[in-house]
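J.: Below is the file data17.cif, which contains mmCIF, C-alpha atoms and all ligand atoms.
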data_input
loop_
_atom_site.label_atom_id
_atom_site.label_comp_id
_atom_site.auth_asym_id
_atom_site.auth_seq_id
_atom_site.Cartn_x
_atom_site.Cartn_y
_atom_site.Cartn_z
CA MET Y 23 142.08 119.40 88.10
CA SER Y 24 143.83 116.54 89.93
CA LEU Y 25 146.09 117.29 92.88
CA HIS Y 26 148.80 114.83 91.88
CA GLU Y 27 151.50 116.15 89.58
CA SER Y 28 151.11 113.80 86.64
CA THR Y 29 148.50 114.55 83.98
CA ASN Y 30 147.76 110.85 83.45
CA LYS Y 31 144.47 109.50 84.70
CA ARG Y 32 144.76 107.53 87.91
CA ILE Y 33 142.63 104.45 88.37
CA VAL Y 34 142.34 102.33 91.51
CA VAL Y 35 141.10 98.80 90.79
CA LYS Y 36 139.87 96.59 93.65
CA ILE Y 37 139.69 92.84 93.08
CA GLY Y 38 137.85 90.51 95.45
CA SER Y 39 139.08 87.08 96.58
CA SER Y 40 136.52 85.19 94.50
CA SER Y 41 137.83 86.94 91.36
CA LEU Y 42 141.36 85.61 91.89
CA THR Y 43 141.04 82.20 93.45
CA SER Y 44 139.37 78.89 92.68
CA ARG Y 45 136.66 77.33 94.80
CA LEU Y 46 139.27 74.96 96.24
CA GLY Y 47 141.38 77.73 97.72
CA ASP Y 48 144.17 78.18 95.19
CA ILE Y 49 145.15 81.10 93.01
CA SER Y 50 143.41 80.78 89.67
CA ARG Y 51 146.14 81.66 87.16
CA ARG Y 52 143.51 82.11 84.49
CA LYS Y 53 141.54 84.67 86.52
CA LEU Y 54 144.62 86.53 87.76
CA GLU Y 55 146.27 86.70 84.34
CA ARG Y 56 143.11 88.13 82.76
CA ILE Y 57 143.05 90.93 85.32
CA VAL Y 58 146.76 91.64 84.83
CA ASP Y 59 146.38 91.66 81.04
CA GLU Y 60 143.56 94.20 81.31
CA VAL Y 61 145.63 96.41 83.62
CA VAL Y 62 148.50 96.15 81.14
CA SER Y 63 146.30 97.40 78.30
CA LEU Y 64 145.32 100.43 80.43
CA LYS Y 65 148.98 101.04 81.26
CA ASP Y 66 149.82 100.85 77.56
CA GLU Y 67 147.30 103.65 77.01
CA GLY Y 68 149.06 105.84 79.59
CA TYR Y 69 146.83 105.34 82.64
CA GLU Y 70 148.34 105.06 86.11
CA VAL Y 71 146.88 102.01 87.82
CA LEU Y 72 146.96 100.90 91.45
CA LEU Y 73 145.50 97.54 92.44
CA VAL Y 74 143.91 96.77 95.78
CA SER Y 75 143.95 93.01 95.78
CA SER Y 76 142.27 90.63 98.20
CA GLY Y 77 142.94 86.91 98.10
CA ALA Y 78 145.78 86.34 100.58
CA VAL Y 79 143.70 84.24 102.97
CA ALA Y 80 141.88 82.44 100.14
CA ALA Y 81 145.16 81.64 98.36
CA GLY Y 82 146.91 80.37 101.48
CA TYR Y 83 144.51 78.34 103.59
CA ARG Y 84 144.90 75.02 101.79
CA ARG Y 85 148.68 75.09 102.08
CA LEU Y 86 148.21 75.77 105.76
CA GLY Y 87 146.39 72.45 105.93
CA CYS Y 88 142.81 73.77 106.25
CA LEU Y 89 140.06 72.24 104.10
CA ASN Y 90 137.90 75.40 104.16
CA ARG Y 91 138.58 79.10 104.65
CA PRO Y 92 139.49 79.28 108.37
CA THR Y 93 137.39 81.28 110.79
CA SER Y 94 139.85 81.76 113.66
CA LEU Y 95 141.91 84.97 113.49
CA ALA Y 96 145.26 83.22 114.02
CA GLU Y 97 144.61 80.72 111.21
CA LYS Y 98 143.41 83.46 108.84
CA GLN Y 99 146.57 85.44 109.60
CA ALA Y 100 148.75 82.37 109.07
CA ALA Y 101 146.96 81.63 105.79
CA ALA Y 102 147.46 85.24 104.66
CA SER Y 103 151.18 85.04 105.33
CA ILE Y 104 151.35 82.10 102.90
CA GLY Y 105 148.87 83.40 100.36
CA GLN Y 106 150.16 86.98 100.15
CA GLY Y 107 153.56 85.77 98.94
CA LEU Y 108 151.97 83.43 96.41
CA LEU Y 109 149.72 86.19 95.11
CA MET Y 110 152.58 88.65 94.67
CA GLU Y 111 154.66 86.02 92.95
CA ALA Y 112 151.87 85.37 90.45
CA TYR Y 113 151.22 89.09 89.88
CA SER Y 114 154.91 89.94 89.49
CA GLU Y 115 155.57 87.14 87.06
CA ARG Y 116 152.71 88.17 84.79
CA PHE Y 117 153.42 91.91 84.91
CA ILE Y 118 157.10 91.31 84.19
CA SER Y 119 156.18 89.16 81.18
CA HIS Y 120 154.55 92.32 79.78
CA GLY Y 121 157.51 94.53 80.69
CA TYR Y 122 155.88 96.12 83.78
CA THR Y 123 156.90 96.03 87.44
CA ALA Y 124 154.54 95.49 90.36
CA SER Y 125 155.22 96.47 93.97
CA GLN Y 126 153.67 95.28 97.21
CA ILE Y 127 152.18 97.64 99.81
CA LEU Y 128 150.72 96.14 102.98
CA ILE Y 129 148.82 98.60 105.15
CA THR Y 130 147.31 98.55 108.62
CA ARG Y 131 144.73 101.00 109.93
CA SER Y 132 147.25 102.52 112.33
CA ASP Y 133 149.46 103.45 109.34
CA PHE Y 134 146.65 105.76 108.28
CA SER Y 135 145.54 107.06 111.67
CA ASP Y 136 148.99 108.58 112.17
CA ARG Y 137 149.15 111.69 109.97
CA ASP Y 138 152.89 111.40 109.27
CA ARG Y 139 152.60 107.77 108.23
CA TYR Y 140 149.54 108.62 106.11
CA HIS Y 141 151.56 111.25 104.22
CA ASN Y 142 154.49 108.91 103.97
CA ALA Y 143 152.32 106.21 102.36
CA ARG Y 144 151.02 108.81 99.92
CA ASN Y 145 154.50 110.00 98.94
CA THR Y 146 155.72 106.44 98.44
CA ILE Y 147 152.74 105.50 96.26
CA ASN Y 148 153.12 108.71 94.24
CA VAL Y 149 156.75 107.86 93.46
CA LEU Y 150 155.74 104.37 92.34
CA LEU Y 151 152.89 105.60 90.14
CA ASP Y 152 154.96 108.41 88.64
CA ARG Y 153 157.58 105.84 87.63
CA GLY Y 154 155.14 103.52 85.91
CA ILE Y 155 155.06 100.84 88.64
CA ILE Y 156 151.80 99.08 89.54
CA PRO Y 157 151.45 99.22 93.34
CA ILE Y 158 149.46 96.27 94.71
CA VAL Y 159 147.88 97.09 98.07
CA ASN Y 160 146.39 94.72 100.63
CA GLU Y 161 145.71 94.94 104.33
CA ASN Y 162 148.65 93.58 106.32
CA ASP Y 163 146.47 90.73 107.57
CA THR Y 164 149.23 88.74 109.26
CA VAL Y 165 150.07 91.40 111.86
CA THR Y 166 146.78 93.26 112.27
CA VAL Y 167 144.72 92.70 115.39
CA GLU Y 168 140.97 92.36 114.76
CA ARG Y 169 140.07 95.52 116.67
CA LEU Y 170 142.38 97.61 114.49
CA LYS Y 171 141.55 96.16 111.08
CA PHE Y 172 140.22 98.00 108.06
CA GLY Y 173 138.28 94.74 107.87
CA ASP Y 174 137.46 94.70 104.20
CA ASN Y 175 139.32 95.74 101.11
CA ASP Y 176 136.33 97.54 99.60
CA THR Y 177 136.54 100.43 102.07
CA LEU Y 178 140.34 100.18 102.03
CA SER Y 179 140.29 100.68 98.24
CA ALA Y 180 138.11 103.81 98.56
CA LYS Y 181 140.42 105.24 101.21
CA VAL Y 182 143.43 104.51 99.02
CA ALA Y 183 141.65 106.11 96.04
CA GLY Y 184 141.25 109.26 98.16
CA LEU Y 185 144.84 109.07 99.36
CA VAL Y 186 146.26 109.03 95.82
CA ASP Y 187 143.63 111.44 94.46
CA ALA Y 188 142.40 108.88 91.94
CA ASP Y 189 140.15 109.80 89.04
CA GLN Y 190 138.12 106.61 89.34
CA LEU Y 191 137.64 103.60 91.60
CA VAL Y 192 136.78 100.32 89.85
CA ILE Y 193 135.53 97.58 92.17
CA LEU Y 194 135.49 94.13 90.58
CA SER Y 195 133.51 91.35 92.17
CA ASP Y 196 131.59 88.20 91.26
CA ILE Y 197 128.42 90.13 90.47
CA ASP Y 198 127.45 92.49 87.62
CA GLY Y 199 126.88 95.49 89.88
CA LEU Y 200 124.43 96.75 92.46
CA TYR Y 201 120.98 95.18 92.21
CA THR Y 202 117.76 96.28 93.86
CA GLU Y 203 118.21 93.15 96.04
CA ASP Y 204 120.80 90.36 96.28
CA PRO Y 205 120.10 88.50 92.99
CA ARG Y 206 121.18 85.24 94.63
CA LYS Y 207 118.14 85.61 96.86
CA ASN Y 208 115.75 87.23 94.39
CA PRO Y 209 116.36 86.43 90.68
CA GLU Y 210 113.88 89.20 89.77
CA ALA Y 211 116.20 91.87 91.22
CA LYS Y 212 117.14 94.63 88.77
CA LEU Y 213 120.63 95.94 88.01
CA LEU Y 214 121.05 99.66 88.75
CA ARG Y 215 123.17 101.30 86.04
CA LYS Y 216 123.74 104.77 87.49
CA VAL Y 217 123.55 105.92 91.11
CA ARG Y 218 123.96 109.57 92.10
CA GLU Y 219 122.85 109.24 95.70
CA ILE Y 220 123.06 106.47 98.28
CA THR Y 221 119.45 106.38 99.40
CA PRO Y 222 118.11 104.47 102.43
CA GLU Y 223 116.63 101.90 99.95
CA ILE Y 224 120.10 101.27 98.53
CA GLU Y 225 121.56 100.93 102.03
CA GLU Y 226 118.88 98.36 102.82
CA SER Y 227 119.33 96.38 99.62
CA ALA Y 228 123.04 95.80 100.19
CA GLY Y 229 123.53 92.35 101.68
CA GLU Y 230 126.14 89.80 102.72
CA PRO Y 231 128.92 88.14 100.66
CA GLY Y 232 127.86 85.75 97.93
CA SER Y 233 130.77 83.29 98.13
CA ALA Y 234 132.60 81.36 100.82
CA VAL Y 235 135.73 83.50 100.34
CA GLY Y 236 134.11 86.99 100.06
CA THR Y 237 134.36 89.18 103.16
CA GLY Y 238 132.27 92.34 103.02
CA GLY Y 239 129.49 91.57 100.53
CA MET Y 240 127.55 94.46 98.97
CA ARG Y 241 127.38 96.18 102.36
CA SER Y 242 131.09 97.04 102.36
CA LYS Y 243 130.97 97.97 98.66
CA ILE Y 244 128.30 100.59 99.41
CA ASP Y 245 130.37 101.84 102.35
CA ALA Y 246 133.33 102.13 99.97
CA VAL Y 247 131.31 104.01 97.38
CA LYS Y 248 130.15 106.46 100.05
CA ILE Y 249 133.75 107.20 101.02
CA ALA Y 250 134.70 107.68 97.35
CA MET Y 251 131.67 109.92 96.71
CA ALA Y 252 132.45 112.10 99.74
CA SER Y 253 135.97 112.46 98.34
CA GLY Y 254 134.61 113.47 94.90
CA ILE Y 255 135.65 110.24 93.19
CA SER Y 256 133.40 108.29 90.78
CA SER Y 257 133.21 104.54 91.29
CA PHE Y 258 132.22 101.61 89.14
CA LEU Y 259 131.11 98.19 90.30
CA GLY Y 260 131.16 95.27 87.88
CA ASN Y 261 131.91 91.60 87.34
CA ALA Y 262 135.56 90.58 87.07
CA VAL Y 263 134.68 87.87 84.52
CA THR Y 264 133.15 90.29 82.00
CA PRO Y 265 135.67 90.56 79.12
CA ASP Y 266 137.56 93.87 78.94
CA ILE Y 267 135.71 95.08 82.04
CA ILE Y 268 138.37 97.42 83.45
CA HIS Y 269 138.92 99.15 80.14
CA GLN Y 270 135.19 99.50 79.47
CA ALA Y 271 134.62 100.74 83.03
CA VAL Y 272 137.13 103.51 82.56
CA LYS Y 273 135.67 104.46 79.16
CA GLY Y 274 132.21 104.70 80.73
CA ASN Y 275 130.42 101.98 78.79
CA ALA Y 276 130.78 98.82 80.86
CA ARG Y 277 127.92 96.67 82.11
CA GLY Y 278 127.72 97.42 85.81
CA THR Y 279 126.83 100.23 88.20
CA TYR Y 280 128.37 103.70 87.99
CA PHE Y 281 128.30 105.80 91.16
CA VAL Y 282 128.74 109.46 90.26
CA PRO Y 283 128.87 112.22 92.89
CA GLU Y 284 126.92 115.39 92.09
CA LYS Y 285 129.16 117.95 90.37
CA ASN Y 286 128.50 120.68 92.93
CA ALA Y 287 128.75 118.43 96.00
CA PHE Y 288 131.31 119.41 98.63
CA ASN Y 289 134.39 117.19 98.26
CA LEU Y 290 136.66 116.37 101.16
CA ASP Y 291 140.22 117.51 100.48
CA MET Y 292 143.13 115.36 101.68
CA LYS Y 293 143.21 116.84 105.18
CA ARG Y 294 139.47 116.48 105.66
CA GLN Y 295 139.58 112.90 104.33
CA TRP Y 296 142.11 112.13 107.03
CA ILE Y 297 139.89 113.75 109.68
CA ALA Y 298 136.77 111.94 108.44
CA PHE Y 299 138.07 108.44 107.69
CA HIS Y 300 141.34 107.85 109.53
CA SER Y 301 141.87 110.04 112.57
CA GLY Y 302 139.97 108.26 115.36
CA PRO Y 303 138.25 111.04 117.38
CA GLU Y 304 139.40 111.40 120.98
CA GLY Y 305 136.66 113.52 122.57
CA GLU Y 306 133.38 115.35 122.09
CA ILE Y 307 132.23 118.96 121.96
CA THR Y 308 128.56 119.91 122.18
CA VAL Y 309 127.62 123.18 120.50
CA SER Y 310 124.77 125.69 120.62
CA ASN Y 311 122.12 125.88 117.89
CA LYS Y 312 123.71 129.06 116.51
CA ALA Y 313 127.14 127.39 116.31
CA LYS Y 314 125.51 124.36 114.66
CA ALA Y 315 124.07 126.63 111.95
CA GLY Y 316 127.57 128.05 111.42
CA ILE Y 317 129.05 124.56 111.09
CA ASP Y 318 126.40 123.70 108.49
CA GLU Y 319 127.79 126.68 106.54
CA LEU Y 320 131.33 125.38 107.09
CA GLN Y 321 132.25 128.28 109.36
CA SER Y 322 134.86 128.02 112.11
CA LEU Y 323 133.71 127.10 115.61
CA TYR Y 324 134.42 129.72 118.30
CA PRO Y 325 134.56 129.08 122.07
CA THR Y 326 131.38 131.11 122.49
CA GLY Y 327 129.40 128.37 120.68
CA ILE Y 328 130.66 125.53 122.89
CA ARG Y 329 128.31 124.25 125.59
CA TYR Y 330 129.93 121.02 126.87
CA VAL Y 331 133.26 119.26 126.49
CA SER Y 332 133.78 115.59 127.22
CA GLY Y 333 136.74 113.20 127.12
CA HIS Y 334 140.42 113.95 127.62
CA PHE Y 335 142.16 115.22 124.53
CA LYS Y 336 145.21 117.23 123.60
CA LYS Y 337 145.48 120.32 121.42
CA GLY Y 338 145.48 119.06 117.81
CA SER Y 339 143.24 116.04 118.52
CA VAL Y 340 140.22 115.27 116.36
CA VAL Y 341 136.91 115.59 118.25
CA ARG Y 342 133.30 114.76 117.46
CA ILE Y 343 130.98 117.76 117.28
CA LYS Y 344 127.46 117.18 118.57
CA ASP Y 345 124.33 119.29 118.65
CA LEU Y 346 122.22 119.85 121.77
CA ASP Y 347 120.10 116.77 120.88
CA GLY Y 348 123.22 114.59 120.96
CA ASN Y 349 123.43 114.08 117.17
CA GLU Y 350 126.89 114.06 115.65
CA ILE Y 351 127.06 116.90 113.13
CA GLY Y 352 130.73 116.84 112.25
CA LEU Y 353 134.36 116.30 113.19
CA GLY Y 354 137.19 118.75 113.61
CA VAL Y 355 140.72 119.34 114.87
CA SER Y 356 140.64 121.16 118.21
CA ASN Y 357 143.00 124.11 118.67
CA TYR Y 358 142.77 123.50 122.42
CA SER Y 359 143.09 120.62 124.86
CA SER Y 360 139.92 119.45 126.65
CA LYS Y 361 141.20 121.09 129.85
CA GLN Y 362 141.63 124.47 128.14
CA LEU Y 363 138.28 124.22 126.34
CA ILE Y 364 136.44 123.58 129.59
CA LYS Y 365 137.90 126.86 130.87
CA ILE Y 366 137.11 128.98 127.79
CA LYS Y 367 133.79 127.49 126.60
CA GLY Y 368 131.21 130.26 126.24
CA PHE Y 369 133.88 133.00 126.02
CA SER Y 370 132.89 135.77 123.61
CA LEU Y 371 135.50 137.00 121.14
CA ASP Y 372 136.40 140.06 123.22
CA LYS Y 373 137.39 137.77 126.11
CA MET Y 374 139.79 135.82 123.88
CA THR Y 375 143.26 137.30 124.29
CA ASP Y 376 146.55 136.40 122.59
CA GLU Y 377 147.68 134.70 125.79
CA ILE Y 378 144.74 132.31 125.70
CA GLY Y 379 145.40 131.26 122.11
CA PRO Y 380 143.69 131.33 118.69
CA GLU Y 381 140.18 132.83 118.45
CA GLU Y 382 138.77 129.71 116.83
CA ALA Y 383 138.35 126.48 118.75
CA ILE Y 384 138.13 124.65 115.39
CA ASN Y 385 139.21 126.34 112.18
CA ASN Y 386 136.90 125.81 109.19
CA GLN Y 387 139.79 124.27 107.20
CA ASP Y 388 139.96 121.52 109.83
CA LEU Y 389 136.23 120.85 109.89
CA VAL Y 390 134.14 118.08 108.36
CA CYS Y 391 130.41 118.76 108.37
CA HIS Y 392 128.33 115.63 107.76
CA THR Y 393 125.38 117.40 106.15
CA ARG Y 394 127.62 118.94 103.47
CA LEU Y 395 128.89 115.62 102.11
CA ALA Y 396 127.79 113.97 98.85
CA ALA Y 397 127.19 110.77 100.82
CA PRO Y 398 126.68 110.25 104.54
CA ILE Y 399 129.80 108.77 106.13
CA LEU Y 400 128.43 107.63 109.45
N1 LIG H 501 121.96 94.38 96.41
C1 LIG H 501 122.92 93.53 95.98
N2 LIG H 501 123.35 93.61 94.69
C2 LIG H 501 124.34 92.78 94.23
N3 LIG H 501 124.95 91.84 95.01
C3 LIG H 501 124.57 91.71 96.30
C4 LIG H 501 123.54 92.55 96.85
N4 LIG H 501 123.41 92.22 98.16
C5 LIG H 501 124.29 91.23 98.42
N5 LIG H 501 125.00 90.90 97.32
C6 LIG H 501 126.03 89.86 97.29
O1 LIG H 501 127.34 90.46 97.36
C7 LIG H 501 128.26 89.59 96.70
C8 LIG H 501 129.58 90.29 96.38
O2 LIG H 501 130.32 90.52 97.56
P1 LIG H 501 131.55 89.56 98.05
O3 LIG H 501 131.07 88.13 98.08
O4 LIG H 501 132.11 90.12 99.30
O5 LIG H 501 132.55 89.70 96.82
P2 LIG H 501 134.12 90.01 96.70
O6 LIG H 501 134.86 88.80 97.20
O7 LIG H 501 134.26 90.23 95.23
O8 LIG H 501 134.41 91.25 97.50
C9 LIG H 501 127.47 89.12 95.50
O9 LIG H 501 127.93 87.88 95.01
C10 LIG H 501 126.01 89.06 95.99
O10 LIG H 501 125.58 87.74 96.30
N1 LIG H 502 142.81 91.10 103.13
C1 LIG H 502 142.03 89.89 102.89
C2 LIG H 502 140.78 90.19 102.08
C3 LIG H 502 139.71 90.99 102.74
C4 LIG H 502 138.52 91.25 101.80
O1 LIG H 502 137.93 92.32 101.82
O2 LIG H 502 138.18 90.25 100.91
P1 LIG H 502 137.11 90.42 99.68
O3 LIG H 502 135.72 90.57 100.23
O4 LIG H 502 137.27 89.15 98.88
O5 LIG H 502 137.55 91.62 98.90
C5 LIG H 502 142.83 88.89 102.04
O6 LIG H 502 143.71 89.28 101.27
O7 LIG H 502 142.53 87.69 102.14
#
As structure tokens, what does this structure read like?
Ligand SMILES: Nc1ncnc2c1ncn2[C@@H]1O[C@H](COP(=O)(O)OP(=O)(O)O)[C@@H](O)[C@H]1O
Ligand SMILES: N[C@@H](CCC(=O)OP(=O)(O)O)C(=O)O

T.:
Amino acid sequence: MSLHESTNKRIVVKIGSSSLTSRLGDISRRKLERIVDEVVSLKDEGYEVLLVSSGAVAAGYRRLGCLNRPTSLAEKQAAASIGQGLLMEAYSERFISHGYTASQILITRSDFSDRDRYHNARNTINVLLDRGIIPIVNENDTVTVERLKFGDNDTLSAKVAGLVDADQLVILSDIDGLYTEDPRKNPEAKLLRKVREITPEIEESAGEPGSAVGTGGMRSKIDAVKIAMASGISSFLGNAVTPDIIHQAVKGNARGTYFVPEKNAFNLDMKRQWIAFHSGPEGEITVSNKAKAGIDELQSLYPTGIRYVSGHFKKGSVVRIKDLDGNEIGLGVSNYSSKQLIKIKGFSLDKMTDEIGPEEAINNQDLVCHTRLAAPIL
């Protein structure tokens, strides 16, 4: 059962730059209108659809006076500030011609790392979807500094799919799906139709972008799928030029790759998604082997299981949890500051009094254990 109130199916569709623009660095009306028309037919059937659309830099660089897609950050940001407006204008015009309204949402990573802003974004998008609007999300390229970027819209789309509790993520690109190798390099490569697990072979097969305007290539698409899988969301990867692709993807019979998490895999709820993908850990806790076994079973972490504490963090901060070999085994929200934890580490339960604080250093509701996820997120 979905967590959002509406009973309609929610679909997040991600469209790459090459699927919206021409080789010369202009919006391709033909490509964009086909995508919009497909979204409209899903809307007509009662689906709620959110688009994550790339293309701002690709659509703007020529008007900035650049012959090719720029490589400097300032020029890319300037191009995006031109292209984003042009993209939205083209989307809005076409959606309105079908009687639908589109809205623009530009996000930066810091909007998500702050829990209040994360919830705020969710509430806003829920209002839009409930009222039949098509939100169109992109990274706010013009104001984002490199260090704090999502970087690619593939992983952004998976994070947004988790945020809105989508039923499916559809990633459209310039390729038919995930192949055993980049088919541009090896024409013998085979298309994988269904993937239930991201194996090391799949990780290795995922290469760089195929076009001059693509950003993340297959690498970032696999990262996106892992985030979706860990959140219990099925994904589809297919070619934007295949006729009726979005509709077919949703119905389950499109040419492309379906990524389906195991039914009984542990899914990250909204709070754990925030901890895992957005929070930005501020310190580290090293735990005993016994405490590690408890974390594997998703049990709370008690001070008695803590061996070392490093970094300076406040009560309520997210910390990395490591085992005695230094491997990260999970993440969690600390009920204590680093200063307090250093004092109480190793305390048995009978030493924990009401004055000290809660018995658990990390409550199991605030814990993400890497080994329990459908797909590794590191
Ligand atoms: N294993 C693989 N299977 C399919 N495509 C791959 C693979 N490895 C690398 N690629 C490349 O990834 C490209 C798609 O990524 P990208 O260029 O970033 O597209 P977009 O702009 O749609 O996000 C394909 O055109 C292909 O050349
Ligand atoms: N935010 C950037 C796109 C980033 C990106 O991931 O691009 P792509 O690989 O084409 O999906 C833009 O709008 O130009």

J.: Between Y:Glu203, Y:Glu168, Y:Asp66, Y:Asp245, which residue has the minimum interatomic distance to ligand LIG 501 (chain H), considering only C-alpha atoms and all ligand atoms?

T.: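 Once distances to ligand LIG 501 (chain H) are computed over only C-alpha atoms and all ligand atoms, the minimum belongs to Y:Glu203.
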
J.: For a cutoff of 7 Å around the file-coordinate point (140.4, 91.8, 85.8), which residues qualify once you count only C-alpha atoms? I'd like the result as a ChimeraX atom specification.

T.: /Y:56-58,60,262,267-268

J.: Measuring atom to atom with only C-alpha atoms and all ligand atoms, identify which of Y:Pro265, Y:Gly47, Y:Gly368, Y:Gly199 is nearest to ligand LIG 501 (chain H).

T.: Y:Gly199

J.: Distance atom CA of Y:Leu64-atom CA of Y:Asp48, one decimal place?

T.: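 According to the coordinates, atom CA of Y:Leu64 and atom CA of Y:Asp48 are separated by 26.7 Å.
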
J.: Rank nothing, just name the residue among Y:Val263, Y:Ile328, Y:Ala271, Y:Leu290 nearest to Y:Glu382, using all atoms listed in the file.

T.: Y:Ile328

J.: Quote the spacing between atom CA of Y:Gly184 and atom CA of Y:Val159 in Å to one decimal place.

T.: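 Result for atom CA of Y:Gly184 versus atom CA of Y:Val159: 13.9 Å, one decimal.
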
J.: At a cut-off of 6 Å and counting all atoms listed in the file, what residues surround ligand LIG 502 (chain H)? Please answer as a list in words.

T.: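 Answer in the requested format: Gly38, Ser39, Ser40, Ser76, Gly77, Ala78, Val79, Ala80, Asn160, Glu161, Asp163, Asp174, Asn175, Asp176, Gly236, Thr237 and Gly238 of chain Y.
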
J.: Can you pull out every residue with an atom within 8 Å of ligand LIG 501 (chain H)? Use all atoms listed in the file and format it as an NGL selection string.

T.: :Y and (37-41 or 76 or 175-176 or 194-207 or 213 or 224 or 227-243)

J.: Grab the atom CA of Y:Val390 to atom CA of Y:Val272 distance for me, in Å with one decimal place.

T.: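 Computed distance, atom CA of Y:Val390 to atom CA of Y:Val272, equals 29.8 Å.
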
J.: From the list Y:Met374, Y:Leu185, Y:Ala252, Y:Ile364, which residue is nearest Y:Arg394 when using only C-alpha atoms?

T.: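 Checking each of Y:Met374, Y:Leu185, Y:Ala252, Y:Ile364 against Y:Arg394, counting only C-alpha atoms, the winner is Y:Ala252.
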
J.: Compile the contact shell of Y:Asp318 as a count of residues only: residues with an atom at most 9 Å away, counting only C-alpha atoms, same-chain residues fewer than 6 positions apart removed.

T.: 6

J.: Between Y:Ser135, Y:Gln106, Y:Asn90, Y:Ser44, which is the closest to Y:Ser339 once you count all atoms listed in the file?

T.: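 Checking each candidate against Y:Ser339, we get Y:Ser135 as the closest.
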